[in-house]
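Visitor: Just so it is clear, I am handing over structure-v7.txt, which has compact mmCIF, C-alpha atoms and all ligand atoms.
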```
# COMPACT_ATOMS: atom_id res chain seq x y z
CA MET A 382 -22.53 104.57 -5.67
CA LEU A 383 -24.66 107.62 -6.48
CA ARG A 384 -28.36 107.20 -7.22
CA LEU A 385 -30.82 109.93 -8.17
CA ARG A 386 -34.53 109.14 -8.32
CA GLY A 387 -36.99 111.62 -9.81
CA VAL A 388 -35.02 114.70 -8.76
CA SER A 389 -36.63 118.05 -9.64
CA LYS A 390 -35.88 121.74 -9.13
CA THR A 391 -38.01 124.70 -10.17
CA PHE A 392 -36.95 128.37 -10.23
CA GLY A 393 -40.15 130.43 -10.16
CA GLY A 394 -42.11 128.91 -13.04
CA LEU A 395 -39.04 127.43 -14.74
CA ARG A 396 -38.52 123.69 -14.39
CA ALA A 397 -34.73 123.60 -14.52
CA VAL A 398 -34.46 119.90 -13.58
CA GLN A 399 -37.46 117.59 -14.04
CA GLY A 400 -37.67 114.09 -12.60
CA VAL A 401 -34.05 113.14 -13.27
CA SER A 402 -33.00 109.60 -12.38
CA LEU A 403 -29.44 108.43 -12.90
CA GLU A 404 -26.72 106.33 -11.32
CA VAL A 405 -22.96 106.39 -11.10
CA GLN A 406 -21.25 103.03 -10.58
CA PRO A 407 -18.02 102.59 -8.59
CA GLY A 408 -15.00 103.33 -10.80
CA GLU A 409 -17.14 104.88 -13.54
CA ILE A 410 -16.67 108.15 -15.42
CA LEU A 411 -20.11 109.54 -16.29
CA ALA A 412 -20.59 112.62 -18.47
CA VAL A 413 -23.71 114.78 -18.29
CA ILE A 414 -24.15 116.79 -21.48
CA GLY A 415 -26.88 118.90 -23.06
CA PRO A 416 -27.47 122.23 -24.79
CA ASN A 417 -27.14 125.57 -22.98
CA GLY A 418 -29.71 125.91 -20.24
CA ALA A 419 -30.50 122.16 -20.19
CA GLY A 420 -30.06 122.03 -16.40
CA LYS A 421 -26.56 120.54 -16.08
CA SER A 422 -25.18 123.00 -13.53
CA THR A 423 -28.42 122.91 -11.56
CA LEU A 424 -28.17 119.12 -11.44
CA LEU A 425 -24.58 119.28 -10.18
CA ASN A 426 -25.62 121.83 -7.55
CA LEU A 427 -28.42 119.51 -6.40
CA ILE A 428 -25.93 116.64 -6.06
CA SER A 429 -23.30 118.65 -4.20
CA GLY A 430 -25.91 120.39 -2.03
CA LEU A 431 -25.49 124.00 -3.16
CA LEU A 432 -29.17 123.73 -4.10
CA SER A 433 -31.86 121.71 -2.36
CA ALA A 434 -34.15 119.48 -4.48
CA ASP A 435 -37.90 120.27 -4.50
CA SER A 436 -38.67 116.55 -4.86
CA GLY A 437 -36.98 113.24 -5.52
CA ARG A 438 -34.20 111.45 -3.69
CA ILE A 439 -30.40 111.54 -3.78
CA GLU A 440 -28.56 108.55 -2.30
CA PHE A 441 -24.82 108.27 -1.99
CA LEU A 442 -23.20 105.04 -0.79
CA GLY A 443 -26.60 103.86 0.39
CA GLN A 444 -27.37 106.94 2.49
CA ASP A 445 -30.10 109.47 1.81
CA LEU A 446 -28.36 112.83 1.29
CA THR A 447 -31.28 114.59 -0.44
CA HIS A 448 -31.39 117.42 2.09
CA ALA A 449 -27.91 117.15 3.63
CA ALA A 450 -25.76 120.31 3.84
CA PRO A 451 -22.91 120.62 1.28
CA GLU A 452 -20.21 120.04 3.91
CA VAL A 453 -21.91 116.84 5.09
CA ARG A 454 -21.92 115.58 1.49
CA ALA A 455 -18.23 116.52 1.18
CA TRP A 456 -17.41 114.63 4.38
CA ARG A 457 -19.25 111.56 3.06
CA GLY A 458 -17.02 111.60 -0.04
CA LEU A 459 -18.59 113.89 -2.64
CA GLY A 460 -15.85 116.21 -3.96
CA ARG A 461 -16.39 119.05 -6.37
CA ALA A 462 -14.18 121.05 -8.73
CA PHE A 463 -15.38 124.25 -10.36
CA GLN A 464 -14.93 125.95 -13.74
CA ILE A 465 -13.84 129.19 -12.10
CA VAL A 466 -10.80 128.51 -9.99
CA GLN A 467 -10.65 130.50 -6.77
CA PRO A 468 -7.58 129.52 -4.75
CA PHE A 469 -6.18 131.61 -1.90
CA PRO A 470 -3.79 133.52 -4.21
CA GLU A 471 -1.10 134.48 -1.70
CA MET A 472 -0.87 131.05 -0.14
CA SER A 473 1.34 128.43 -1.76
CA VAL A 474 -0.05 125.54 -3.80
CA ARG A 475 0.78 123.19 -0.89
CA GLU A 476 -0.98 125.44 1.64
CA ASN A 477 -4.08 125.64 -0.55
CA LEU A 478 -4.19 121.85 -0.69
CA MET A 479 -3.75 121.64 3.10
CA VAL A 480 -6.96 123.67 3.47
CA GLY A 481 -8.78 121.11 1.30
CA ALA A 482 -7.27 118.16 3.17
CA LEU A 483 -8.12 119.54 6.63
CA TYR A 484 -11.60 120.71 5.63
CA GLY A 485 -12.58 117.63 3.65
CA THR A 486 -12.48 115.05 6.42
CA PRO A 487 -13.41 116.12 9.94
CA GLY A 488 -10.88 115.16 12.58
CA THR A 489 -7.97 114.83 10.11
CA SER A 490 -4.66 115.48 11.89
CA VAL A 491 -2.17 117.90 10.37
CA GLN A 492 0.21 115.00 9.91
CA ALA A 493 -2.38 112.91 8.01
CA ALA A 494 -3.36 115.95 5.91
CA ARG A 495 0.31 116.48 4.97
CA LYS A 496 0.52 112.91 3.67
CA VAL A 497 -2.62 113.36 1.58
CA VAL A 498 -1.29 116.63 0.16
CA GLU A 499 2.04 115.09 -0.88
CA ARG A 500 0.19 112.27 -2.66
CA VAL A 501 -2.15 114.72 -4.41
CA LEU A 502 0.77 116.96 -5.44
CA GLU A 503 2.36 113.97 -7.19
CA LEU A 504 -0.87 112.76 -8.78
CA SER A 505 -1.78 116.20 -10.13
CA GLY A 506 1.70 116.96 -11.47
CA LEU A 507 2.06 119.99 -9.21
CA ALA A 508 4.90 118.71 -7.01
CA GLY A 509 7.36 121.10 -8.71
CA LYS A 510 5.08 124.04 -7.94
CA ALA A 511 4.30 123.17 -4.32
CA GLN A 512 5.96 126.30 -2.90
CA HIS A 513 4.62 128.61 -5.62
CA PRO A 514 1.98 131.23 -4.72
CA ALA A 515 -1.31 129.88 -6.09
CA GLY A 516 -2.09 133.27 -7.65
CA GLU A 517 0.87 132.97 -10.04
CA LEU A 518 0.00 129.77 -11.90
CA SER A 519 -0.78 129.32 -15.60
CA LEU A 520 -4.36 128.47 -16.64
CA LEU A 521 -3.53 124.76 -17.00
CA GLU A 522 -1.81 124.75 -13.60
CA ASP A 523 -4.87 126.54 -12.16
CA LYS A 524 -7.05 123.69 -13.44
CA ARG A 525 -4.63 121.15 -11.99
CA LEU A 526 -4.80 122.94 -8.66
CA GLU A 527 -8.59 122.96 -8.72
CA LEU A 528 -8.64 119.19 -9.35
CA ALA A 529 -5.94 118.70 -6.71
CA ARG A 530 -7.86 120.79 -4.17
CA ALA A 531 -10.96 118.66 -4.71
CA LEU A 532 -8.84 115.48 -4.46
CA ALA A 533 -7.29 116.67 -1.20
CA THR A 534 -10.75 116.37 0.38
CA GLN A 535 -10.36 112.61 -0.36
CA PRO A 536 -13.55 112.16 -2.39
CA LYS A 537 -14.99 108.84 -3.47
CA LEU A 538 -16.91 110.58 -6.26
CA LEU A 539 -15.57 113.71 -7.92
CA LEU A 540 -18.03 116.18 -9.52
CA LEU A 541 -16.43 118.27 -12.27
CA ASP A 542 -18.14 121.38 -13.58
CA GLU A 543 -16.69 122.20 -17.02
CA VAL A 544 -13.17 122.17 -15.64
CA MET A 545 -11.61 122.07 -19.14
CA ALA A 546 -13.20 125.38 -20.22
CA GLY A 547 -10.67 127.80 -21.71
CA LEU A 548 -7.95 125.18 -22.29
CA ARG A 549 -6.30 124.76 -25.69
CA PRO A 550 -6.80 121.30 -27.28
CA ALA A 551 -3.34 120.03 -26.23
CA GLU A 552 -3.91 121.27 -22.69
CA ALA A 553 -7.35 119.65 -22.59
CA GLN A 554 -5.70 116.34 -23.60
CA ASP A 555 -3.35 116.78 -20.69
CA ALA A 556 -6.28 117.38 -18.34
CA VAL A 557 -8.07 114.31 -19.77
CA ARG A 558 -5.02 112.21 -18.82
CA LEU A 559 -5.13 113.66 -15.32
CA VAL A 560 -8.83 112.82 -14.87
CA ARG A 561 -8.12 109.27 -16.08
CA SER A 562 -5.33 108.86 -13.55
CA ILE A 563 -7.69 110.18 -10.85
CA ARG A 564 -10.16 107.45 -11.77
CA ASP A 565 -7.36 104.88 -11.82
CA SER A 566 -6.54 105.94 -8.25
CA GLY A 567 -10.02 104.71 -7.24
CA VAL A 568 -12.19 107.84 -7.52
CA SER A 569 -15.40 107.80 -9.60
CA VAL A 570 -16.13 110.88 -11.70
CA LEU A 571 -19.30 112.69 -12.81
CA PHE A 572 -18.53 115.60 -15.13
CA ILE A 573 -20.36 118.18 -17.19
CA GLU A 574 -18.55 119.39 -20.27
CA HIS A 575 -19.24 121.25 -23.49
CA LEU A 576 -16.13 120.03 -25.31
CA MET A 577 -17.27 116.91 -27.17
CA PRO A 578 -13.73 115.55 -27.85
CA VAL A 579 -13.25 115.55 -24.06
CA VAL A 580 -16.56 113.75 -23.51
CA ARG A 581 -15.66 111.17 -26.16
CA ALA A 582 -12.20 110.60 -24.71
CA LEU A 583 -13.23 110.37 -21.06
CA ALA A 584 -16.76 109.14 -20.55
CA ASP A 585 -17.61 105.49 -19.97
CA ARG A 586 -21.26 106.52 -20.23
CA VAL A 587 -23.11 109.70 -21.18
CA VAL A 588 -26.43 111.10 -19.89
CA VAL A 589 -28.04 113.76 -22.09
CA LEU A 590 -30.27 116.45 -20.57
CA ASP A 591 -32.64 118.69 -22.48
CA TYR A 592 -35.09 121.09 -20.83
CA GLY A 593 -34.21 119.53 -17.48
CA GLN A 594 -35.05 115.96 -18.52
CA VAL A 595 -32.94 112.95 -19.43
CA ILE A 596 -33.50 112.39 -23.16
CA ALA A 597 -30.81 109.77 -23.78
CA GLU A 598 -28.25 107.64 -22.00
CA GLY A 599 -25.53 105.26 -23.16
CA ARG A 600 -22.06 105.12 -24.64
CA TYR A 601 -20.82 108.24 -26.46
CA ALA A 602 -21.18 106.65 -29.89
CA GLU A 603 -24.77 105.61 -29.13
CA VAL A 604 -25.98 108.97 -27.84
CA ALA A 605 -24.17 110.85 -30.63
CA GLU A 606 -26.28 108.88 -33.13
CA ASN A 607 -29.53 109.37 -31.22
CA PRO A 608 -31.99 111.50 -33.28
CA LYS A 609 -33.40 113.16 -30.13
CA VAL A 610 -29.91 114.24 -29.10
CA ARG A 611 -29.05 115.57 -32.55
CA GLU A 612 -32.33 117.49 -32.62
CA ALA A 613 -31.68 118.96 -29.15
CA TYR A 614 -28.26 120.28 -30.21
CA LEU A 615 -28.91 121.21 -33.83
CA GLY A 616 -32.35 122.64 -33.08
CA ARG A 617 -30.77 125.39 -31.03
CA GLY A 618 -27.55 125.77 -32.95
CA ALA A 619 -25.39 124.73 -29.99
N1 LIG B 1 -30.62 130.46 -9.54
C1 LIG B 1 -31.43 130.47 -10.61
N2 LIG B 1 -32.55 131.22 -10.65
C2 LIG B 1 -33.37 131.21 -11.73
N3 LIG B 1 -33.15 130.48 -12.83
C3 LIG B 1 -32.04 129.71 -12.86
C4 LIG B 1 -31.13 129.67 -11.77
N4 LIG B 1 -30.12 128.81 -12.09
C5 LIG B 1 -30.39 128.35 -13.33
N5 LIG B 1 -31.55 128.88 -13.79
C6 LIG B 1 -32.20 128.57 -15.08
O1 LIG B 1 -32.38 127.17 -15.11
C7 LIG B 1 -32.13 126.64 -16.42
C8 LIG B 1 -31.04 125.60 -16.34
O2 LIG B 1 -29.81 126.29 -16.07
P1 LIG B 1 -28.41 125.54 -15.88
O3 LIG B 1 -27.40 126.59 -15.59
O4 LIG B 1 -28.57 124.43 -14.92
O5 LIG B 1 -28.19 124.94 -17.34
P2 LIG B 1 -26.84 124.36 -17.97
O6 LIG B 1 -27.25 123.16 -18.73
O7 LIG B 1 -25.81 124.23 -16.94
O8 LIG B 1 -26.45 125.53 -18.98
P3 LIG B 1 -25.01 125.98 -19.54
O9 LIG B 1 -24.53 124.86 -20.40
O10 LIG B 1 -25.33 127.21 -20.32
O11 LIG B 1 -24.14 126.23 -18.34
C9 LIG B 1 -31.78 127.84 -17.28
O12 LIG B 1 -32.95 128.25 -17.96
C10 LIG B 1 -31.33 128.89 -16.29
O13 LIG B 1 -31.58 130.19 -16.77
```
Hey, can you dump this file as structure tokens for me?
Ligand SMILES: Nc1ncnc2c1ncn2[C@@H]1O[C@H](COP(=O)(O)OP(=O)(O)OP(=O)(O)O)[C@@H](O)[C@H]1O
Guide:
Amino acid sequence: MLRLRGVSKTFGGLRAVQGVSLEVQPGEILAVIGPNGAGKSTLLNLISGLLSADSGRIEFLGQDLTHAAPEVRAWRGLGRAFQIVQPFPEMSVRENLMVGALYGTPGTSVQAARKVVERVLELSGLAGKAQHPAGELSLLEDKRLELARALATQPKLLLLDEVMAGLRPAEAQDAVRLVRSIRDSGVSVLFIEHLMPVVRALADRVVVLDYGQVIAEGRYAEVAENPKVREAYLGRGA
């Protein structure tokens, strides 16, 4: 579904992402982990198009999107949810989702967008808050809205950037269930996350970055045992 081949990005002299190759299969939940500064956010930005790769290739559903603009990637089915939630605070939850639904697929009619929004409200557990101003939600509801907003763009692959940050353990469990039900609705997921219990609970497969390079890949239990991975984390006290 998503295929990266030798993707690199340098900032000045700093090689933030170096020759990264990875794949996401249809229906898969892939976690990208690594110590602080390993290049995780840069990698997500290269996939969603907020940054342009210096070299390498990014293919999505068989098409080369290496240098496509972010909105083109979104239209092709790459959705993204952010750690810092920035809804339109005075608009209702439903109105915020309408923006996502209308923006995410060019040519969507208002009627079709309404249908998508009602489905997403149910899936995300926000149906009871549909009329609420988005600026008056709890932190957990904020996170739900951010996932729902990304879903309203009707992605085939959802990119999640530390969306669980700041949640209490019970709330994070709740968000884990939501991400699972998103996958069960037919959306693949690539997420970056610092909370290891979340990674263990959610990921089918884990890719570990260190200094911009892939140092390990496999099931959670396998990478957790990998000496290179332990060294990368313990070596810097992360
Ligand atoms: N726009 C930028 N300009 C210059 N350097 C950058 C820029 N963005 C990131 N970097 C550097 O690139 C490296 C990788 O950063 P990145 O944010 O991708 O890591 P990360 O794994 O997401 O870290 P964290 O877990 O702390 O969020 C870091 O050394 C960072 O300082």
Visitor: Report as a tab-separated table: every residue of chain A with an atom at most 8 Å from ligand LIG 1 (chain B), its closest pair of atoms, and their distance in Å to one decimal, counting all atoms listed in the file, with rows sorted by chain and ascending residue number.
Guide:
```
residue	atom	partner	partner_atom	distance
A:Thr391	CA	B:LIG1	O1	7.9
A:Phe392	CA	B:LIG1	C2	4.8
A:Gly393	CA	B:LIG1	C2	7.0
A:Leu395	CA	B:LIG1	O1	6.7
A:Arg396	CA	B:LIG1	O1	7.1
A:Ala397	CA	B:LIG1	O1	4.3
A:Val398	CA	B:LIG1	C8	7.2
A:Ile414	CA	B:LIG1	O6	7.6
A:Gly415	CA	B:LIG1	O6	6.1
A:Pro416	CA	B:LIG1	O9	5.9
A:Asn417	CA	B:LIG1	O10	3.6
A:Gly418	CA	B:LIG1	O5	3.4
A:Ala419	CA	B:LIG1	O6	3.7
A:Gly420	CA	B:LIG1	O4	3.2
A:Lys421	CA	B:LIG1	O6	3.8
A:Ser422	CA	B:LIG1	O7	3.7
A:Thr423	CA	B:LIG1	O4	3.7
A:Leu424	CA	B:LIG1	O4	6.4
A:His575	CA	B:LIG1	O9	7.1
A:Leu590	CA	B:LIG1	O6	7.6
A:Asp591	CA	B:LIG1	O6	7.9
A:Tyr592	CA	B:LIG1	C8	7.5
A:Gly593	CA	B:LIG1	C8	6.9
```
Visitor: List the neighbours of Arg438 of chain A out to 10 Å using only C-alpha atoms; skip same-chain residues closer than 6 positions along the sequence, and give me the result as a list in words.
Guide: Arg384, Leu385, Arg386, Gly387, Val388, Ser389, Gly400, Val401, Ser402, Asp445, Leu446, Thr447 and His448 of chain A
Visitor: From the list A:Leu532, A:Met479, A:Ile465, A:Ala508, which residue is nearest Ser562 of chain A when using only C-alpha atoms?
Guide: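 Closest to Ser562 of chain A of all the choices is A:Leu532.
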Visitor: Counting only C-alpha atoms, which of A:Gly599, A:Leu504, A:Arg475, A:Leu483 gets nearest to Asp565 of chain A?
Guide: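 Using only C-alpha atoms, Asp565 of chain A sits closest to A:Leu504.
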Visitor: Which of these, A:Ser569, A:Thr534, A:Ser473, A:Ser429, has the shortest distance to Val405 of chain A once you count only C-alpha atoms?
Guide: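 Distance minimum relative to Val405 of chain A lands on A:Ser569.
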Visitor: Can you pull segment 483-503 of chain A out of that block with N, CA and C atoms and hand it back as a compact mmCIF listing (two decimals), in the first residue's frame?
Guide:
```
# COMPACT_ATOMS: atom_id res chain seq x y z
N LEU A 483 -15.28 17.77 3.26
CA LEU A 483 -15.36 18.52 1.99
C LEU A 483 -13.97 18.75 1.41
N TYR A 484 -12.98 18.95 2.31
CA TYR A 484 -11.62 19.20 1.84
C TYR A 484 -10.94 17.92 1.33
N GLY A 485 -11.24 16.82 2.01
CA GLY A 485 -10.47 15.59 1.80
C GLY A 485 -10.65 14.95 0.45
N THR A 486 -11.79 15.11 -0.15
CA THR A 486 -12.04 14.48 -1.46
C THR A 486 -12.62 15.54 -2.38
N PRO A 487 -11.87 15.93 -3.42
CA PRO A 487 -12.36 17.00 -4.29
C PRO A 487 -13.66 16.57 -4.97
N GLY A 488 -14.57 17.52 -5.08
CA GLY A 488 -15.82 17.23 -5.78
C GLY A 488 -16.87 16.57 -4.90
N THR A 489 -16.58 16.40 -3.59
CA THR A 489 -17.59 15.80 -2.69
C THR A 489 -18.77 16.75 -2.56
N SER A 490 -19.98 16.23 -2.71
CA SER A 490 -21.17 17.08 -2.52
C SER A 490 -21.41 17.25 -1.02
N VAL A 491 -22.15 18.31 -0.68
CA VAL A 491 -22.46 18.55 0.73
C VAL A 491 -23.24 17.36 1.30
N GLN A 492 -24.12 16.82 0.47
CA GLN A 492 -24.93 15.68 0.92
C GLN A 492 -24.04 14.46 1.23
N ALA A 493 -23.09 14.18 0.33
CA ALA A 493 -22.19 13.03 0.55
C ALA A 493 -21.32 13.28 1.78
N ALA A 494 -20.85 14.53 1.93
CA ALA A 494 -20.00 14.87 3.09
C ALA A 494 -20.78 14.67 4.39
N ARG A 495 -22.07 15.04 4.38
CA ARG A 495 -22.90 14.86 5.59
C ARG A 495 -22.96 13.39 5.99
N LYS A 496 -23.10 12.53 5.00
CA LYS A 496 -23.17 11.08 5.29
C LYS A 496 -21.87 10.60 5.92
N VAL A 497 -20.76 11.04 5.34
CA VAL A 497 -19.45 10.64 5.88
C VAL A 497 -19.33 11.11 7.33
N VAL A 498 -19.73 12.36 7.56
CA VAL A 498 -19.59 12.93 8.91
C VAL A 498 -20.43 12.16 9.92
N GLU A 499 -21.63 11.76 9.56
CA GLU A 499 -22.47 11.02 10.52
C GLU A 499 -21.82 9.67 10.84
N ARG A 500 -21.24 9.04 9.83
CA ARG A 500 -20.57 7.74 10.06
C ARG A 500 -19.36 7.92 10.98
N VAL A 501 -18.59 8.99 10.72
CA VAL A 501 -17.38 9.24 11.50
C VAL A 501 -17.73 9.63 12.95
N LEU A 502 -18.83 10.38 13.11
CA LEU A 502 -19.27 10.74 14.47
C LEU A 502 -19.57 9.48 15.27
N GLU A 503 -20.24 8.51 14.66
CA GLU A 503 -20.55 7.25 15.34
C GLU A 503 -19.27 6.49 15.66
```
